[in-house]
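First up is the structure itself, then whatever we jot down about it.
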Amino acid sequence: MSKPSDLDVAYVARLARINLTEAEAKVFQKQLDDVLEYVEKLRQADVSDVEPAAQGLPILNVFREDAPRDWFTAEQALSNAPRKANGLFVVPKVVE
Amino acid sequence: MTEQDLPALSIADLQSLLRRREVSPLQVIEALRARIEAVDGEIGAYLSLDTDAAAKEAEKANVDLPLGGVPLAIKDIINVLGQPCTCASKILQGYRATYDAAVIRKLRAAGAIPFGKTNLDEFTMGSSTENSAMKLTRNPWDLSRVPGGSSGGSTAAVAADEAFGALGSDTGGSIRQPAALSGIVGLKPTYGRVSRFGLVAFASSLDQIGPLTKTVHDSALIMNVIAGHDPQDTTALNQPVPDYAANLGNDLRGVRLGLPKEYLVEGIDAQVKAAINAAVKQMNSLGAEIVEVSLPTTEYAIAVYYIVATAEASANLARFDGVRYGYRAENPKDMLDLYGRTREEGFGAEVKRRIILGTYVLSSGYYDAYYLRAQKVRELIRRDFTSAFEKVEAIISPTSPVPAFKLGERAADPLQMYLADVFTIAANLAGICGISVPCGFAEADGQRLPIGLQLLGKPLDEARILQIAHAYEQSTDWHKARPPIATAMPKA
């Protein structure tokens with residue numbers, strides 16, 4: 001039903017660091033082609049004199065005092081780590 | 001009043017009993033636990049329940065505080081210290097919150113007791129709660145149907161008397177739509193009215209936390225506690241919080257309500273349409289003037305939403321990488337393998353789809369065509385509401401074009417599921433507030449299915465839509481109707 005879009009699901013999934021099986025990529029390709037075809041309708045809107053809205057309500061810069069406050073201890077921050085050692089998160093080696 | 005009848009009470013009625021010392025907070029927790037035990041096997045509203053922690057809170061509860069001794073269920077995407085916060089995702093299995101969200105801190109300070117974490121669509125991405133990686137939640141009115149979503153665990157819990165009230169979150173309708181399909185009241189506050197600190201972020205320019213309750217008055221009571229400034233969320237507006245419960249009255253004289261001419265046209269279930277028309281007539285008889293308004297750009301709302309929300313989600317969900325918390329794939333051979341497989345195995349299909357779409361619309365060469373254009377159309381939508389609100393105090397529509405649909409009915413077609421949010425999404429894009437209140441029933445397969453009426457209000461005008469919703473609610477009996485599971489005798 002859907003027209004093919006420029007979206008290459010397998011390529012974008014790699015950018016997003018999500019491994020996909022070929023079967024999954026194929027299903028997503030069709031479903032997301034449908035969605036992209038649907039959003040084509042935005043081309044009909046006249047946006048020639050419109051500034052983009054980053055959010056619904058205009059909120060200007062918000063500042064708070066730059067003061068130290070209590071936050072997690074290292075132990076709390078590590079409490080959900082899948083692997084840890086010596087107060088550090090353990091991951092596979094990233095440098096040769 | 002026996003302990004068994006307690007869970008059916010509204011928050012306000014429960015508070016009268018608590019303050020007259022006719023029941024103790026501990027008895028309330030016990031009654032609720034028994035109720036959950038009796039019906040949640042069928043409903044599936046809760047993902048976790050820490051009765052011991054709640055009982056400890058109940059023992060020292062001060063019932064004279066604004067929500068003293070009132071247990072509230074919490075959508076499992078809001079952090080509660082020491083409790084799981086799964087976001088209904090495998091990627092957060094085993095995670096335990098190391099802090100309280102700002103809303104939880106405020107609830108506790110007001111004496112409320114967070115009791116139980118409720119089911120949702122994974123990371124709130126869905127409109128039926130079927131995208132939960134944890135369990136299925138059923139609609140208390142018809143167990144073969146969805147409760148709506150994404151706050152479907154919270155709404156089913158309240159509708160089935162498994163909670164006196166609950167917190168949900170609303171990014172495109174996730175409070176209002178399941179409230180409508182479950183037959184309860186759901187309020188999405190103005191963007192910035194309630195702090196999101198401690199709410200796991202999906203789409204940061206759209207997300208808001210709000211109350212799910214049996215009555216409009218209860219909604220106001222919770223808003224009185226959770227609304228307001230928070231230095232830990234820069235988007236939480238530093239604006240005074242009115243007493244939302246103070247001026248709830250029974251007439252609508254002098255109130256102008258807008259009926260968007262674009263909203264009651266095609267694709268709306270005939271029974272929903274009839275119920276909305278009847279509600280409009282009812283509000284007219286209470287003194288409201290009904291004015292036709294036009295929101296021409298809302299036809300773009302879903303398209304804008306699925307660009308803006310997925311773009312923001314792709315950035316927000318980058319943090320789930322298997323390094324600091326949650327699920328990690330076994331035996332990764334290097335970092336890329338760790339990221340790629342952790343996210344493959346940890347995320348469900350809808351979450352993956354949205355991250356991929358969001359990554360695409362932000363990518364070089366497509367940003368202008370999709371993301372930038374969507375942000376511009378978003379501004380047009382905002383302007384439509386601004387001009388409509390020059391003529392009226394609130395805008396009326398159905399909350400959902402259809403009543404609760406069957407489990408599985410829409411699960412295979414993401415686009416069809418997205419269209420379920422047609423009436424709710426524009427409010428998030430424009431940052432305005434909205435509420436859904438019960439306004440009748442549809443009949444299907446011999447079952448009564450709740451219908452919701454949506455009232456949209458100006459930014460920071462929650463007090464007004466609560467007043468209008470309350471006056472309407474009090475002139476009907478819809479909010480008093482009970483789902484079959486609530487009136488059935490609990491199993492021994």
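So you can find residues: chains in the structure tokens are A, B, ... in the order shown, residues in each start at 1, and ligands are numbered from 1 in order.
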
task: Could you list, as a PyMOL selection string, the residues of chain B having an atom within 7 Å of chain A when counting only C-alpha atoms?
output: chain B and resi 95-96+98+205+231+234+300+303+323-328+333-335+339-341+343-344+353+356+359-360+372+375-379+382+415+429-431

Skipping near chain neighbours, those fewer than 4 positions away, what residues fall within 9 Å of Ser195 (chain B) using only C-alpha atoms, listed as a CSV table (one decimal) with C-alpha atoms, in the first residue's frame?
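The result, stored in selection-v5.csv:
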```
chain,number,residue,atom,x,y,z
B,101,ALA,CA,10.3,12.3,41.9
B,102,ALA,CA,9.3,15.9,42.8
B,103,VAL,CA,5.6,14.9,42.7
B,199,LEU,CA,9.4,11.3,35.5
B,208,GLN,CA,3.1,16.3,31.8
B,209,ILE,CA,2.1,14.5,35.0
B,226,ILE,CA,1.4,18.5,43.0
B,227,ALA,CA,1.2,21.8,41.0
B,228,GLY,CA,3.8,24.4,41.4
B,229,HIS,CA,7.4,25.5,41.0
B,230,ASP,CA,10.4,23.2,41.4
B,231,PRO,CA,14.0,24.3,41.0
B,232,GLN,CA,14.9,20.8,39.8
B,233,ASP,CA,12.7,21.2,36.6
B,234,THR,CA,13.5,24.4,34.7
B,235,THR,CA,10.2,24.0,32.8
B,236,ALA,CA,8.1,24.0,36.0
B,237,LEU,CA,6.6,27.4,35.9
```

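Proximity of B:Leu72, B:Ala274, B:Ala427, B:Val392 to Arg256 (chain B), computed with only C-alpha atoms, is greatest for B:Val392.
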
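One finds CA of Phe423 (chain B) at 13.2 Å from CA of Phe385 (chain B).
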
- prompt: Neighbours of Gly148 (chain B) within 9 Å (only C-alpha atoms; same-chain residues fewer than 3 positions away dropped), as a list in words?
  reply: Gly126, Ser127, Ser128, Thr129, Glu130, Asn139, Arg145, Ser151, Gly152, Gly153, Thr155, Ala156, Ser174, Gln177, Pro178, Ala179, Ala180, Leu181, Ser182, Ala404 and Phe405 of chain B

task: Run DSSP on the backbone of this structure and report the residues of chain A it assigns to helix (DSSP H, G or I), as JSON, numbers by chain.
output: {"A": [9, 10, 11, 12, 13, 14, 15, 22, 23, 24, 25, 26, 27, 28, 29, 30, 31, 32, 33, 34, 35, 36, 37, 38, 39, 40, 41, 42, 43, 44, 74, 75, 76, 77]}

Would you list, as a PDB file with N, CA and C atoms, in the first residue's frame, the residues of chain A that end up in strand (DSSP E or B) under DSSP run on this structure's backbone?
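Output file out.pdb is given in full below:
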```pdb
ATOM      1  N   LYS A  84      29.886  -3.723  38.094  1.00  0.00           N
ATOM      2  CA  LYS A  84      30.676  -2.667  38.716  1.00  0.00           C
ATOM      3  C   LYS A  84      31.853  -3.288  39.455  1.00  0.00           C
ATOM      4  N   ALA A  85      32.882  -2.467  39.666  1.00  0.00           N
ATOM      5  CA  ALA A  85      34.031  -2.898  40.463  1.00  0.00           C
ATOM      6  C   ALA A  85      34.775  -1.665  40.948  1.00  0.00           C
ATOM      7  N   LEU A  88      33.338   1.723  40.231  1.00  0.00           N
ATOM      8  CA  LEU A  88      33.280   2.134  38.826  1.00  0.00           C
ATOM      9  C   LEU A  88      32.319   1.225  38.057  1.00  0.00           C
ATOM     10  N   PHE A  89      31.764   1.763  36.958  1.00  0.00           N
ATOM     11  CA  PHE A  89      30.983   0.938  36.032  1.00  0.00           C
ATOM     12  C   PHE A  89      31.955   0.130  35.176  1.00  0.00           C
TER      13      PHE A  89
END
```

With only C-alpha atoms as the counted atoms, please give the residues lying no more than 8 Å from Lys458 (chain B), apart from itself and same-chain residues fewer than 6 positions off, as a PDB file with C-alpha atoms, in the first residue's frame.
```pdb
ATOM      1  CA  PHE B 389      -9.550  31.113  23.415  1.00  0.00           C
ATOM      2  CA  GLU B 393     -13.174  29.838  28.133  1.00  0.00           C
ATOM      3  CA  ALA B 394     -12.909  26.193  27.152  1.00  0.00           C
ATOM      4  CA  ILE B 432      -2.558  23.859  27.116  1.00  0.00           C
ATOM      5  CA  CYS B 433      -4.493  21.970  29.804  1.00  0.00           C
TER       6      CYS B 433
END
```

task: Could you please determine the separation between CA of Ser285 (chain B) and CA of Arg253 (chain B) in Å, to one decimal place?
output: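 Result for CA of Ser285 (chain B) versus CA of Arg253 (chain B): 9.3 Å, one decimal.
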
task: Calculate how many Å separate CA of Val146 (chain B) from CA of Leu167 (chain B), rounding to one decimal.
output: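 We find that CA of Val146 (chain B) and CA of Leu167 (chain B) lie 18.9 Å from each other.
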
- request: Within 6 Å of region 134-137 of chain B, counting only C-alpha atoms, which residues show up once you throw out same-chain ones fewer than 5 positions away? Write them as a count of residues only, please.
  value: 4
